Amino acid sequence: MSSILDEYEDSQNTRHPVQHSRFVNVRLEEEKPIFNKQRIDFSPPEKINHFAVCNNQLCMSLGKDTLLRIDLAKPDQPNQIELGRKDDSRVHKLFLDPTGSHLVISLSTSECLYLNRNTQKVRSLSRWRGHLIESVGWNKLLGTETNTGPILVGTSQGIIFEAEISASEGSLFNTNPDQYFKQVHSLEEDGRPAPVCCIEVERGPESKVVIIATTRKRLFQFVGRVAEGSEQQGFTVVYCPYTTPPREFPFNMGYSEITFYTSKLRSCPKAFAWMMGNGVLYGQLDYIRLDSVLSDVQVWDYTPDIDFSFNKPISIVLTQFHFLLLLPDRVKAICTLNGQVVYEDVFPDKFGALKKMIKDPAGGLVWIYTEKAVFRYHIQREARDVWQMYMSMNKFDLAKEYCRDRPECMDMVLAKEAEHCFQNKRYLESAKCYALTQNYFEEIALKFIEAKQDEALKEFLLKKLNNLKQSEKTQITLLVTWLTELYLNHLGLLESDEGKNGVFQETREEFRKFLSSSKHKECLYNNRTTIYDLLASHGNVDDMVYFSVIMQDYERVISHHCQHDDYSAALEVLSKHCDVKLFYKFSPILMQHIPKKVVDAWIQMGSRLEPKKLIPALVNYSQMGSTQQVNETIRYMEFCVYQLTVTEEAIHNYLLSLYAKYKPDSLLRYLEQAGTHASNIHYDLKYTLRLCAEHGYLQACVLVYKIMELYEEAVDLALQVDVDLAKSCADLPEDDEELRKKLWLKIARHVVQEEKDVKKAMNCLSSCNLLKIEDILPFFPDFVTIDHFKEAICSSLEEYNQHIDELKQEMEEATESAKRIREDIQEMRNKYGVVESQEKCAACCFPLLNRPFYLFLCGHMFHYDCLFLEVSPHLSTYKQTKLGELQKKLAAATQTSKSRHRPSPKEKEEGGDTASLGKESAGVSREQIKSDIDDIIAFECVYCGELMIKSIDKPFIDPQKLEEEKSSWL
């Protein structure tokens, strides 16, 4: 977007409005011309008489009897053929088919010769004899390298023949290449036969066949249809009575020539140019038309420098936008769009007069020859300047078509089109075009403002906005806010006019679509405060709410609904977008007015809401609200506790307070369901106890005491409610018999002293096995007779006797057991084992007596060190550590003993009493250590004891050393 300051500076330099373009077209090198001539490096041995070229196959007639053929793909391999004519005949014309395979040679003696590209033999067309051939209409659809298919032949007498040529040698009875030759039509001028100067056969869509033939001043066209599969039957069905009279011009120059332009090979021509006496007739070919295929026909009159007396035109070639006219000494290129001569090339006299100009339809090259030289024209980027011509003709669509790859040209075309539309008061179209140009933004905007065309200005701004890049944030912000203001102004005008309600709704939808555009969402979000201010200044509440929803500014939307007492709509927005923060913020006011719907919304949100954060709303309006609000509060709290399994202490405490105040029946049920272990409780026990005590719910207090393991308090309080309840509490301390007994005594005392019920007291005695009759007798009054306790006292005495008998039996069994143990000890003292000299260690299989050893009762014998190695891996970590410590102590004790066995000379003089004493103490220490080691490693036989049983599931090879063992086996 150009700056308005740049526009002001430019306006100081010129007083007229100028179209500005930001494109700079710099050409680093001079552009090559459209028509580039090149002389072929070829010196003919004889004069060139005639020339034909098609599909890169070039044929020329040299001198009287020579034909030269050149394949342009292999130009260094020319092929020269002698025609073999002895008489005075000369070549009249050469005709080469589109494939370059079939060459027809017309002789001045009314004879015809045929030469195929793949042969060297020239063959005579006997059926063609007697006719001077002027033109050939080739069959582009059916023609192959060996057969031409049905073709049309025009003669100097105006007769049109249908023929077919085959390159095969034929049969025994028919060796001629011409398959048939029959007359199908004849042309006349002024009532007399006229030579068929040109004939062209084309296939249009839907099997349409178009034949165009020309004489010196008349142009004929024949249109017909050929059924599918019947193309080989020829063109007889095409010639019918004229549906369109032939075009005729009053003047002729003795010959004429028609040329066609085809954009693609083997496609239908799109344009034609006919060179005749009055000028050049050119136009388009429209195969859809029924009466005539010629359309947009114009006549280009010859320029004054063309004089038929000495330089009349010789030949014509049509390109996409030009036709080339060949004169005896020059070539002129005329643009078909404006009829201007755009190129003129004069040939030097040294080459002689120009004879013919031919275009190769396959390669697109234009060939010109004289008697001494051959020239070739390359046509490069012919459409480069066409856009300017179309632009000057106000054909802007075509102009844009031909400058798509040139942005600087496209900008000029769009600017010209925009200005043209503006002048013709087509403001919307002008705005669309201006938006695509690089003209100064301020200049264009001011034009529409001065013309009071708000719709066009809006269209221009919209298009300009869509063309901006995301990096141009400042420009996007400017346009978005400007467009918002324009929309709001337009909506305000339409809203005040009742007759334009439909237009108002359409404009509102358009405005909302603009606000919800994803492309400019970032800009709208960053500048939402400005947009809100614009909407508020125009009083457009509905669109402000819509914009808030788009910006996901739901807080503003909900606040708007709450301010207008539309709480249901506010809750609907809240529930739709599920923003938990907004739930926490707006729940208090919504709970006050629509508690049931709010609680339903909370329940629908489920675990996404944190009930703890909703407590302020619940506490505030449950305390001061109606019964409905209280019930809804309890309903949500129950949902949190029973459905969501919330463990927050505050939630459970609050639910208990609500139960205690409004639903006492639910309080005890809740406490029972909550569990009896403190680890499973989520409410505050002390708070609950105080709450229940304040409201006088004693049974609930008993339940809380039980959970708190305050069994004495629970029993004391339970006795105020129900004795059975107290009994259930008394049995709870199962591990503390003393406490249980104390609790049952409380119950018994209460029954005896308070209720004065002896039978019930005796039932207590039977319910608890810890109580005896003597425990509860002190609680009875003195006047109670013994009859009530006779049975209980007898039962108690019997239990005592039975207990005494059991003690006597246990004493006898203990005495007998001690006797047996003494006998076993005495027997073990006399037990011994015999070790032979040939005995070997069970672990290492070496003789046993050469080192210290162990002998077990099972018969196994081990060296000390072998047993140590066998037992150590199976010991626990603690025993392995202790064994290591004992070994260290044993080594230290041994070293001390040795040193004491070697006293110093001074010690020897002092006497041997001290040395002997040290020896004795060291010996005692070593023996004790050895005994401790024996207790560990010789506790049992390693093969027969518990260690072997425990190691039965261990592998023979350590898993960590398995790979090492495997490798050692290989």
# chains A, B, ... in the order shown; residues from 1 in each chain; ligands from 1
call {"tool": "residues_around", "arguments": {"residues": "Ser124 of chain A", "least_positions_apart": "3", "cutoff": "7 Å", "atoms": "only C-alpha atoms", "output": "number ranges by chain"}}
result
A: 112-114
call {"tool": "residues_around", "arguments": {"residues": "Val366 of chain A", "least_positions_apart": "4", "cutoff": "6 Å", "atoms": "only C-alpha atoms", "output": "list in words"}}
result
Ile358, Lys359, Arg376 and Tyr377 of chain A
call {"tool": "residues_around", "arguments": {"residues": "Ser108 of chain A", "least_positions_apart": "2", "cutoff": "7 Å", "atoms": "only C-alpha atoms", "output": "VMD selection string"}}
result
chain A and resid 89 to 92 106 110 132
call {"tool": "write_last_selection", "arguments": {"atoms": "all heavy atoms", "output": "compact mmCIF listing (two decimals), in the first residue's frame"}}
result
# COMPACT_ATOMS: atom_id res chain seq x y z
N SER A 89 8.21 -30.39 -71.15
CA SER A 89 7.40 -30.15 -69.95
C SER A 89 8.27 -29.63 -68.81
O SER A 89 9.44 -29.98 -68.71
CB SER A 89 6.70 -31.45 -69.52
OG SER A 89 7.68 -32.42 -69.14
N ARG A 90 7.66 -28.80 -68.02
CA ARG A 90 8.33 -28.27 -66.85
C ARG A 90 7.39 -28.39 -65.64
O ARG A 90 6.18 -28.58 -65.81
CB ARG A 90 8.73 -26.80 -67.06
CG ARG A 90 7.59 -25.92 -67.48
CD ARG A 90 8.05 -24.50 -67.78
NE ARG A 90 6.95 -23.66 -68.22
CZ ARG A 90 6.08 -23.06 -67.40
NH1 ARG A 90 6.19 -23.23 -66.10
NH2 ARG A 90 5.11 -22.33 -67.88
N VAL A 91 7.96 -28.29 -64.48
CA VAL A 91 7.16 -28.41 -63.26
C VAL A 91 6.28 -27.17 -63.10
O VAL A 91 6.79 -26.04 -63.10
CB VAL A 91 8.06 -28.60 -62.03
CG1 VAL A 91 7.22 -28.64 -60.75
CG2 VAL A 91 8.88 -29.87 -62.14
N HIS A 92 4.99 -27.44 -62.95
CA HIS A 92 4.05 -26.34 -62.76
C HIS A 92 3.89 -26.00 -61.27
O HIS A 92 3.97 -24.84 -60.87
CB HIS A 92 2.70 -26.72 -63.39
CG HIS A 92 1.64 -25.68 -63.19
ND1 HIS A 92 1.73 -24.40 -63.69
CD2 HIS A 92 0.45 -25.73 -62.53
CE1 HIS A 92 0.66 -23.70 -63.35
NE2 HIS A 92 -0.15 -24.51 -62.64
N SER A 106 2.86 -31.46 -60.40
CA SER A 106 2.02 -31.06 -61.54
C SER A 106 2.91 -30.47 -62.64
O SER A 106 3.69 -29.55 -62.38
CB SER A 106 0.97 -30.03 -61.08
OG SER A 106 0.25 -29.54 -62.18
N SER A 110 -0.01 -30.81 -68.45
CA SER A 110 -1.23 -31.42 -67.92
C SER A 110 -1.00 -32.88 -67.53
O SER A 110 -1.89 -33.73 -67.70
CB SER A 110 -2.39 -31.30 -68.90
OG SER A 110 -2.68 -29.94 -69.17
N LEU A 132 -4.58 -29.79 -65.67
CA LEU A 132 -3.53 -28.98 -65.05
C LEU A 132 -3.93 -28.72 -63.59
O LEU A 132 -4.89 -27.99 -63.31
CB LEU A 132 -3.35 -27.66 -65.79
CG LEU A 132 -2.20 -26.76 -65.30
CD1 LEU A 132 -0.85 -27.46 -65.45
CD2 LEU A 132 -2.20 -25.43 -66.06
call {"tool": "select_by_dssp", "arguments": {"residues": "segment 278-345 of chain A", "states": "strand (DSSP E or B)", "output": "number ranges by chain"}}
result
A: 279-285, 294-300, 315-318, 322-326, 330-335, 341-345
call {"tool": "write_last_selection", "arguments": {"atoms": "N, CA, C and O atoms", "output": "CSV table (one decimal), in the first residue's frame"}}
result
chain,number,residue,atom,x,y,z
A,279,GLY,N,-7.8,-7.0,-51.6
A,279,GLY,CA,-7.1,-6.9,-50.4
A,279,GLY,C,-7.0,-8.3,-49.7
A,279,GLY,O,-7.0,-9.3,-50.4
A,280,VAL,N,-6.9,-8.3,-48.4
A,280,VAL,CA,-6.8,-9.6,-47.7
A,280,VAL,C,-8.0,-9.7,-46.8
A,280,VAL,O,-8.3,-8.8,-46.0
A,281,LEU,N,-8.8,-10.8,-47.1
A,281,LEU,CA,-9.9,-11.1,-46.3
A,281,LEU,C,-9.5,-12.0,-45.2
A,281,LEU,O,-9.0,-13.1,-45.4
A,282,TYR,N,-9.7,-11.6,-43.9
A,282,TYR,CA,-9.3,-12.5,-42.8
A,282,TYR,C,-10.4,-12.4,-41.7
A,282,TYR,O,-11.2,-11.5,-41.6
A,283,GLY,N,-10.4,-13.5,-40.9
A,283,GLY,CA,-11.4,-13.6,-39.9
A,283,GLY,C,-11.2,-15.0,-39.1
A,283,GLY,O,-10.2,-15.6,-39.3
A,284,GLN,N,-12.2,-15.3,-38.4
A,284,GLN,CA,-12.1,-16.5,-37.6
A,284,GLN,C,-13.0,-17.6,-38.2
A,284,GLN,O,-13.8,-17.4,-39.0
A,285,LEU,N,-12.7,-18.9,-37.8
A,285,LEU,CA,-13.5,-20.0,-38.2
A,285,LEU,C,-14.3,-20.6,-37.0
A,285,LEU,O,-13.8,-21.0,-36.0
A,294,LEU,N,-17.3,-18.9,-41.4
A,294,LEU,CA,-16.5,-17.7,-41.4
A,294,LEU,C,-17.2,-16.7,-40.4
A,294,LEU,O,-18.4,-16.4,-40.5
A,295,SER,N,-16.4,-16.2,-39.5
A,295,SER,CA,-17.0,-15.2,-38.6
A,295,SER,C,-15.9,-14.1,-38.3
A,295,SER,O,-14.7,-14.3,-38.6
A,296,ASP,N,-16.4,-12.9,-37.9
A,296,ASP,CA,-15.6,-11.8,-37.6
A,296,ASP,C,-14.7,-11.4,-38.8
A,296,ASP,O,-13.5,-11.2,-38.7
A,297,VAL,N,-15.3,-11.4,-40.0
A,297,VAL,CA,-14.6,-11.2,-41.2
A,297,VAL,C,-14.3,-9.8,-41.4
A,297,VAL,O,-15.2,-8.9,-41.3
A,298,GLN,N,-13.1,-9.5,-41.8
A,298,GLN,CA,-12.7,-8.1,-42.2
A,298,GLN,C,-11.8,-8.1,-43.5
A,298,GLN,O,-11.3,-9.1,-43.8
A,299,VAL,N,-11.7,-7.0,-44.1
A,299,VAL,CA,-10.9,-6.8,-45.3
A,299,VAL,C,-9.8,-5.8,-45.0
A,299,VAL,O,-10.1,-4.7,-44.6
A,300,TRP,N,-8.6,-6.3,-45.2
A,300,TRP,CA,-7.5,-5.3,-45.1
A,300,TRP,C,-7.1,-4.9,-46.5
A,300,TRP,O,-6.7,-5.7,-47.4
A,315,SER,N,2.3,-14.1,-52.3
A,315,SER,CA,1.9,-15.1,-51.4
A,315,SER,C,1.6,-14.6,-50.0
A,315,SER,O,2.0,-13.5,-49.7
A,316,ILE,N,0.9,-15.4,-49.2
A,316,ILE,CA,0.5,-15.0,-47.9
A,316,ILE,C,0.6,-16.2,-46.9
A,316,ILE,O,0.4,-17.3,-47.3
A,317,VAL,N,0.9,-15.8,-45.7
A,317,VAL,CA,1.0,-16.8,-44.6
A,317,VAL,C,0.4,-16.2,-43.4
A,317,VAL,O,0.6,-15.0,-43.1
A,318,LEU,N,-0.4,-17.0,-42.6
A,318,LEU,CA,-1.2,-16.5,-41.4
A,318,LEU,C,-0.5,-17.1,-40.2
A,318,LEU,O,-0.3,-18.3,-40.1
A,322,HIS,N,-0.8,-12.3,-36.9
A,322,HIS,CA,-0.3,-11.5,-38.0
A,322,HIS,C,-0.5,-12.3,-39.3
A,322,HIS,O,-0.6,-13.6,-39.2
A,323,PHE,N,-0.5,-11.6,-40.4
A,323,PHE,CA,-0.4,-12.3,-41.7
A,323,PHE,C,0.8,-11.7,-42.4
A,323,PHE,O,1.0,-10.5,-42.4
A,324,LEU,N,1.6,-12.5,-43.0
A,324,LEU,CA,2.8,-12.1,-43.7
A,324,LEU,C,2.5,-12.1,-45.2
A,324,LEU,O,2.0,-13.1,-45.8
A,325,LEU,N,2.7,-10.9,-45.8
A,325,LEU,CA,2.4,-10.7,-47.2
A,325,LEU,C,3.8,-10.6,-48.0
A,325,LEU,O,4.6,-9.8,-47.7
A,326,LEU,N,3.9,-11.5,-49.0
A,326,LEU,CA,5.1,-11.6,-49.8
A,326,LEU,C,5.0,-10.7,-51.1
A,326,LEU,O,4.0,-10.9,-51.9
A,330,ARG,N,10.1,-7.7,-50.9
A,330,ARG,CA,10.0,-7.5,-49.5
A,330,ARG,C,8.9,-8.4,-48.9
A,330,ARG,O,8.1,-9.0,-49.6
A,331,VAL,N,8.9,-8.4,-47.5
A,331,VAL,CA,7.9,-9.1,-46.8
A,331,VAL,C,7.3,-8.1,-45.8
A,331,VAL,O,8.0,-7.4,-45.1
A,332,LYS,N,6.0,-8.1,-45.7
A,332,LYS,CA,5.3,-7.2,-44.8
A,332,LYS,C,4.5,-8.1,-43.8
A,332,LYS,O,3.9,-9.1,-44.2
A,333,ALA,N,4.6,-7.7,-42.5
A,333,ALA,CA,3.8,-8.3,-41.5
A,333,ALA,C,2.7,-7.4,-41.0
A,333,ALA,O,3.0,-6.2,-40.6
A,334,ILE,N,1.5,-7.8,-41.1
A,334,ILE,CA,0.3,-7.0,-40.7
A,334,ILE,C,-0.4,-7.6,-39.5
A,334,ILE,O,-0.7,-8.8,-39.5
A,335,CYS,N,-0.6,-6.8,-38.5
A,335,CYS,CA,-1.3,-7.3,-37.3
A,335,CYS,C,-2.8,-7.5,-37.6
A,335,CYS,O,-3.4,-6.5,-38.1
A,341,VAL,N,0.8,-2.3,-40.2
A,341,VAL,CA,2.0,-2.9,-40.6
A,341,VAL,C,3.1,-2.8,-39.5
A,341,VAL,O,3.5,-1.7,-39.2
A,342,VAL,N,3.4,-4.0,-38.9
A,342,VAL,CA,4.3,-3.9,-37.8
A,342,VAL,C,5.7,-4.4,-38.1
A,342,VAL,O,6.6,-4.2,-37.3
A,343,TYR,N,5.9,-4.9,-39.3
A,343,TYR,CA,7.2,-5.4,-39.7
A,343,TYR,C,7.4,-5.4,-41.2
A,343,TYR,O,6.4,-5.7,-42.0
A,344,GLU,N,8.5,-4.9,-41.7
A,344,GLU,CA,8.8,-4.9,-43.2
A,344,GLU,C,10.2,-5.2,-43.4
A,344,GLU,O,11.1,-4.6,-42.8
A,345,ASP,N,10.5,-6.2,-44.2
A,345,ASP,CA,11.8,-6.7,-44.5
A,345,ASP,C,12.1,-6.7,-46.0
A,345,ASP,O,11.4,-7.4,-46.7
